[in-house]
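> Take a look at upload_13.pdb, PDB, C-alpha atoms:
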```
ATOM      1  CA  MET A   1     -10.677   3.286 -11.200
ATOM      2  CA  ILE A   2      -9.832   6.427  -9.257
ATOM      3  CA  SER A   3     -10.878   9.675 -10.948
ATOM      4  CA  GLY A   4      -8.710  12.790 -11.089
ATOM      5  CA  PHE A   5     -10.908  14.485  -8.498
ATOM      6  CA  ASP A   6     -10.534  11.531  -6.103
ATOM      7  CA  LYS A   7      -6.751  11.610  -6.566
ATOM      8  CA  SER A   8      -6.722  15.246  -5.484
ATOM      9  CA  LYS A   9      -8.457  14.300  -2.216
ATOM     10  CA  VAL A  10      -5.862  11.675  -1.215
ATOM     11  CA  ARG A  11      -4.483  12.528   2.195
ATOM     12  CA  ARG A  12      -1.594  10.103   2.612
ATOM     13  CA  ALA A  13      -0.126   7.221   0.638
ATOM     14  CA  TRP A  14       2.253   4.364   1.414
ATOM     15  CA  VAL A  15       4.073   1.802  -0.735
ATOM     16  CA  VAL A  16       4.724  -1.607   0.826
ATOM     17  CA  SER A  17       7.218  -3.638  -1.189
ATOM     18  CA  ASP A  18       7.681  -7.425  -1.376
ATOM     19  CA  PHE A  19       4.607  -8.383   0.640
ATOM     20  CA  LEU A  20       3.960 -12.168   0.520
ATOM     21  CA  VAL A  21       0.362 -13.246  -0.056
ATOM     22  CA  TRP A  22      -0.247 -16.784   1.210
ATOM     23  CA  GLY A  23      -4.042 -16.647   1.650
ATOM     24  CA  MET A  24      -6.435 -18.234  -0.815
ATOM     25  CA  THR A  25     -10.139 -17.805  -1.352
ATOM     26  CA  GLY A  26     -12.425 -20.665  -0.438
ATOM     27  CA  LEU A  27     -13.523 -22.789  -3.348
ATOM     28  CA  ASP A  28     -17.132 -23.160  -2.292
ATOM     29  CA  ASN A  29     -19.464 -24.472   0.382
ATOM     30  CA  VAL A  30     -20.303 -28.157   0.232
ATOM     31  CA  GLU A  31     -23.567 -29.336   1.697
ATOM     32  CA  TYR A  32     -23.621 -32.804   3.198
ATOM     33  CA  LEU A  33     -26.160 -35.298   4.476
ATOM     34  CA  ALA A  34     -25.105 -38.036   6.895
ATOM     35  CA  LEU A  35     -27.104 -40.970   8.203
ATOM     36  CA  GLU A  36     -26.110 -42.396  11.559
ATOM     37  CA  THR A  37     -27.310 -45.509  13.348
ATOM     38  CA  VAL A  38     -26.406 -45.906  17.005
ATOM     39  CA  GLY A  39     -28.024 -48.953  18.546
ATOM     40  CA  ALA A  40     -31.740 -48.735  17.786
ATOM     41  CA  GLU A  41     -31.637 -44.962  17.079
ATOM     42  CA  LYS A  42     -31.295 -43.557  13.595
ATOM     43  CA  ASN A  43     -30.232 -39.930  13.053
ATOM     44  CA  VAL A  44     -29.957 -37.688  10.015
ATOM     45  CA  HIS A  45     -27.379 -34.883  10.011
ATOM     46  CA  PHE A  46     -27.304 -32.043   7.492
ATOM     47  CA  GLY A  47     -24.705 -29.300   7.262
ATOM     48  CA  SER A  48     -22.491 -27.107   5.131
ATOM     49  CA  VAL A  49     -18.696 -26.872   5.153
ATOM     50  CA  ALA A  50     -16.454 -24.345   3.366
ATOM     51  CA  ILE A  51     -13.642 -25.979   1.409
ATOM     52  CA  GLY A  52     -10.493 -24.361   0.119
ATOM     53  CA  GLY A  53      -8.080 -21.962   1.731
ATOM     54  CA  THR A  54      -8.576 -18.929   3.880
ATOM     55  CA  GLN A  55      -8.111 -15.304   2.998
ATOM     56  CA  GLN A  56      -5.233 -13.459   4.619
ATOM     57  CA  LEU A  57      -6.249 -10.736   7.078
ATOM     58  CA  VAL A  58      -3.730  -7.876   7.024
ATOM     59  CA  THR A  59      -3.779  -5.101   9.612
ATOM     60  CA  PHE A  60      -2.307  -1.771   8.553
ATOM     61  CA  SER A  61      -0.311  -1.520  11.796
ATOM     62  CA  SER A  62       1.576  -4.720  10.873
ATOM     63  CA  LEU A  63       2.965  -3.196   7.650
ATOM     64  CA  CYS A  64       6.102  -1.120   6.969
ATOM     65  CA  ASP A  65       6.489   1.206   3.997
ATOM     66  CA  LEU A  66       9.548   1.524   1.727
ATOM     67  CA  ARG A  67      11.194   3.933   4.183
ATOM     68  CA  GLY A  68      10.826   1.531   7.106
ATOM     69  CA  ASN A  69       7.998   3.465   8.752
ATOM     70  CA  ASN A  70       5.130   1.562  10.349
ATOM     71  CA  LEU A  71       1.703   2.351   8.931
ATOM     72  CA  PRO A  72      -0.861   3.798  11.344
ATOM     73  CA  GLU A  73      -3.332   1.545  13.148
ATOM     74  CA  GLU A  74      -6.258   3.176  11.337
ATOM     75  CA  ILE A  75      -6.536   4.716   7.881
ATOM     76  CA  ASP A  76      -9.558   6.842   6.994
ATOM     77  CA  SER A  77     -11.344   5.335   3.936
ATOM     78  CA  PRO A  78      -8.394   3.234   2.685
ATOM     79  CA  VAL A  79      -7.889   2.091  -0.891
ATOM     80  CA  VAL A  80      -5.444  -0.790  -1.442
ATOM     81  CA  ILE A  81      -4.010  -1.459  -4.909
ATOM     82  CA  VAL A  82      -2.104  -4.705  -5.535
ATOM     83  CA  GLN A  83       0.792  -4.867  -8.023
ATOM     84  CA  PRO A  84       1.966  -8.494  -8.579
ATOM     85  CA  ARG A  85       5.723  -9.089  -8.807
ATOM     86  CA  SER A  86       5.387 -12.454 -10.583
ATOM     87  CA  ALA A  87       3.204 -14.205 -13.160
ATOM     88  CA  GLN A  88       0.763 -15.229 -10.415
ATOM     89  CA  GLY A  89      -1.534 -12.524  -9.141
ATOM     90  CA  ALA A  90      -3.247 -11.534  -5.944
ATOM     91  CA  PHE A  91      -6.364  -9.515  -5.222
ATOM     92  CA  ILE A  92      -8.201  -7.713  -2.443
ATOM     93  CA  VAL A  93     -11.184  -9.635  -1.055
ATOM     94  CA  GLY A  94     -14.098  -7.329  -0.287
ATOM     95  CA  ASN A  95     -13.439  -3.742   0.804
ATOM     96  CA  ALA A  96     -10.691  -2.476   3.053
ATOM     97  CA  VAL A  97     -11.847  -1.144   6.417
ATOM     98  CA  SER A  98     -10.068   1.440   8.572
ATOM     99  CA  GLU A  99      -7.917  -1.121  10.417
ATOM    100  CA  SER A 100      -7.372  -3.922   7.898
ATOM    101  CA  PHE A 101      -8.068  -5.625   4.573
ATOM    102  CA  MET A 102      -8.343  -9.173   3.233
ATOM    103  CA  ILE A 103      -6.086 -10.398   0.433
ATOM    104  CA  ALA A 104      -5.778 -13.696  -1.448
ATOM    105  CA  ARG A 105      -3.564 -15.146  -4.155
ATOM    106  CA  ASP A 106      -4.548 -16.880  -7.371
ATOM    107  CA  ALA A 107      -5.574 -20.497  -6.827
ATOM    108  CA  ASP A 108      -3.116 -21.544  -9.572
ATOM    109  CA  ALA A 109      -0.106 -20.341  -7.564
ATOM    110  CA  SER A 110       1.713 -23.191  -5.838
ATOM    111  CA  ARG A 111       3.420 -20.962  -3.273
ATOM    112  CA  PRO A 112       3.008 -17.500  -1.692
ATOM    113  CA  VAL A 113       2.909 -14.666  -4.221
ATOM    114  CA  PRO A 114       5.113 -11.556  -3.808
ATOM    115  CA  VAL A 115       3.323  -8.254  -4.441
ATOM    116  CA  ASP A 116       3.755  -4.534  -3.911
ATOM    117  CA  LEU A 117       0.918  -2.685  -2.188
ATOM    118  CA  LEU A 118      -0.096   0.919  -2.744
ATOM    119  CA  ILE A 119      -2.242   2.055   0.169
ATOM    120  CA  MET A 120      -3.987   5.412  -0.063
ATOM    121  CA  GLU A 121      -6.034   7.285   2.502
ATOM    122  CA  MET A 122      -9.004   8.878   0.780
ATOM    123  CA  GLY A 123     -10.416  10.597   3.857
ATOM    124  CA  SER A 124     -14.034  11.353   4.536
TER     125      SER A 124
END
```
Please render this file's structure as structure tokens.

Amino acid sequence: MISGFDKSKVRRAWVVSDFLVWGMTGLDNVEYLALETVGAEKNVHFGSVAIGGTQQLVTFSSLCDLRGNNLPEEIDSPVVIVQPRSAQGAFIVGNAVSESFMIARDADASRPVPVDLLIMEMGS
């Protein structure tokens, strides 16, 4: 939650409407063990594979606000707030960095989820 003092320090803000979130978070890593016999040689292989979808990487420069203006390439200490436009939700994965952020939709959604984004520059 953003406090009143933090709100007073906001430098710039943008609203991006009808953004489609297609990315999904990975379900988990699966560890595997495989035995292989080739001729007289026997080998054991062990590894880990991520299953599920991939998060959606969004660069600020690829977005347009409600007025049709492109967002800057870098935003100083960005905060991204997601407002779902349907019953299915979406969320920010990790923290936004100055050039981009990661977003994913609910795993229950069968198709991309439309959302509105509020992007605020908090400054240093």
> Go through A:Val82, A:Trp14, A:Glu73, A:Val21 and flag the residue nearest Glu121 in chain A, using all atoms listed in the file for the distances.
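Residue with the minimum atom-to-atom distance to Glu121 in chain A: A:Trp14.
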> If we count only C-alpha atoms, what is near Leu20 in chain A at a cut-off of 12 Å, once residues fewer than 6 positions away on the same chain are taken out, given as a PyMOL selection string?
chain A and resi 56+58+63+82-86+88-90+103-105+111-117
> Quick one: residues within 12 Å of Ala13 in chain A, all atoms listed in the file, excluding same-chain residues fewer than 2 positions away - as an mmCIF file with C-alpha atoms, in the frame of the given file?

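Listed below is the output, part.cif:
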```cif
data_model
loop_
_atom_site.group_PDB
_atom_site.id
_atom_site.type_symbol
_atom_site.label_atom_id
_atom_site.label_comp_id
_atom_site.auth_asym_id
_atom_site.auth_seq_id
_atom_site.Cartn_x
_atom_site.Cartn_y
_atom_site.Cartn_z
ATOM 1 C CA LYS A 7 -6.751 11.610 -6.566
ATOM 2 C CA LYS A 9 -8.457 14.300 -2.216
ATOM 3 C CA VAL A 10 -5.862 11.675 -1.215
ATOM 4 C CA ARG A 11 -4.483 12.528 2.195
ATOM 5 C CA VAL A 15 4.073 1.802 -0.735
ATOM 6 C CA VAL A 16 4.724 -1.607 0.826
ATOM 7 C CA ASP A 65 6.489 1.206 3.997
ATOM 8 C CA LEU A 66 9.548 1.524 1.727
ATOM 9 C CA LEU A 71 1.703 2.351 8.931
ATOM 10 C CA PRO A 72 -0.861 3.798 11.344
ATOM 11 C CA ILE A 75 -6.536 4.716 7.881
ATOM 12 C CA ASP A 76 -9.558 6.842 6.994
ATOM 13 C CA SER A 77 -11.344 5.335 3.936
ATOM 14 C CA PRO A 78 -8.394 3.234 2.685
ATOM 15 C CA VAL A 79 -7.889 2.091 -0.891
ATOM 16 C CA VAL A 80 -5.444 -0.790 -1.442
ATOM 17 C CA ILE A 81 -4.010 -1.459 -4.909
ATOM 18 C CA LEU A 117 0.918 -2.685 -2.188
ATOM 19 C CA LEU A 118 -0.096 0.919 -2.744
ATOM 20 C CA ILE A 119 -2.242 2.055 0.169
ATOM 21 C CA MET A 120 -3.987 5.412 -0.063
ATOM 22 C CA GLU A 121 -6.034 7.285 2.502
ATOM 23 C CA MET A 122 -9.004 8.878 0.780
ATOM 24 C CA GLY A 123 -10.416 10.597 3.857
#
```
> Evaluate the PyMOL selection byres ((chain A and resi 46) around 10) on the structure here and hand back the selected residues as a VMD selection string.
chain A and resid 31 to 35 44 to 45 47 to 48
> May I have the residues from that selection written out with C-alpha atoms, as a short mmCIF file (atom, residue, chain, number, x, y, z; two decimals), keeping the file's coordinate frame?

```cif
data_model
loop_
_atom_site.label_atom_id
_atom_site.label_comp_id
_atom_site.auth_asym_id
_atom_site.auth_seq_id
_atom_site.Cartn_x
_atom_site.Cartn_y
_atom_site.Cartn_z
CA GLU A 31 -23.57 -29.34 1.70
CA TYR A 32 -23.62 -32.80 3.20
CA LEU A 33 -26.16 -35.30 4.48
CA ALA A 34 -25.10 -38.04 6.90
CA LEU A 35 -27.10 -40.97 8.20
CA VAL A 44 -29.96 -37.69 10.02
CA HIS A 45 -27.38 -34.88 10.01
CA GLY A 47 -24.70 -29.30 7.26
CA SER A 48 -22.49 -27.11 5.13
#
```
> One decimal, Å: what's the distance from CA of Ser62 in chain A over to CA of Gly94 in chain A, could you say?
19.4 Å
> When distances are computed from only C-alpha atoms, which of A:Glu36, A:Gly23, A:Arg67, A:Thr59 shows the smallest separation from Ser98 in chain A?
A:Thr59
> When distances are computed from only C-alpha atoms, which of A:Asn95, A:Thr37, A:Ala107, A:Asn70 shows the smallest separation from Trp22 in chain A?
A:Ala107
> Given 8 Å of margin on each side, can you work out the centre and size in Å (one decimal) of an axis-aligned box holding every listed atom of range 106-113 of chain A, as AutoDock Vina command-line options?

```
--center_x -1.1 --center_y -18.9 --center_z -5.6 --size_x 25.0 --size_y 24.5 --size_z 23.9
```
> By how many Å are CA of Gln55 in chain A and CA of Asp18 in chain A apart?
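Interatomic distance, CA of Gln55 in chain A to CA of Asp18 in chain A: 18.2 Å.
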> Could you check how far CA of Ser17 in chain A sits from CA of Phe60 in chain A, in Å to one decimal?
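We find that CA of Ser17 in chain A and CA of Phe60 in chain A lie 13.8 Å from each other.
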> Looking at all atoms listed in the file, which of A:Glu74, A:Ser61, A:Ala87, A:Ala40 is the one that sits closest to Asp108 in chain A?
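Nearest to Asp108 in chain A: A:Ala87.
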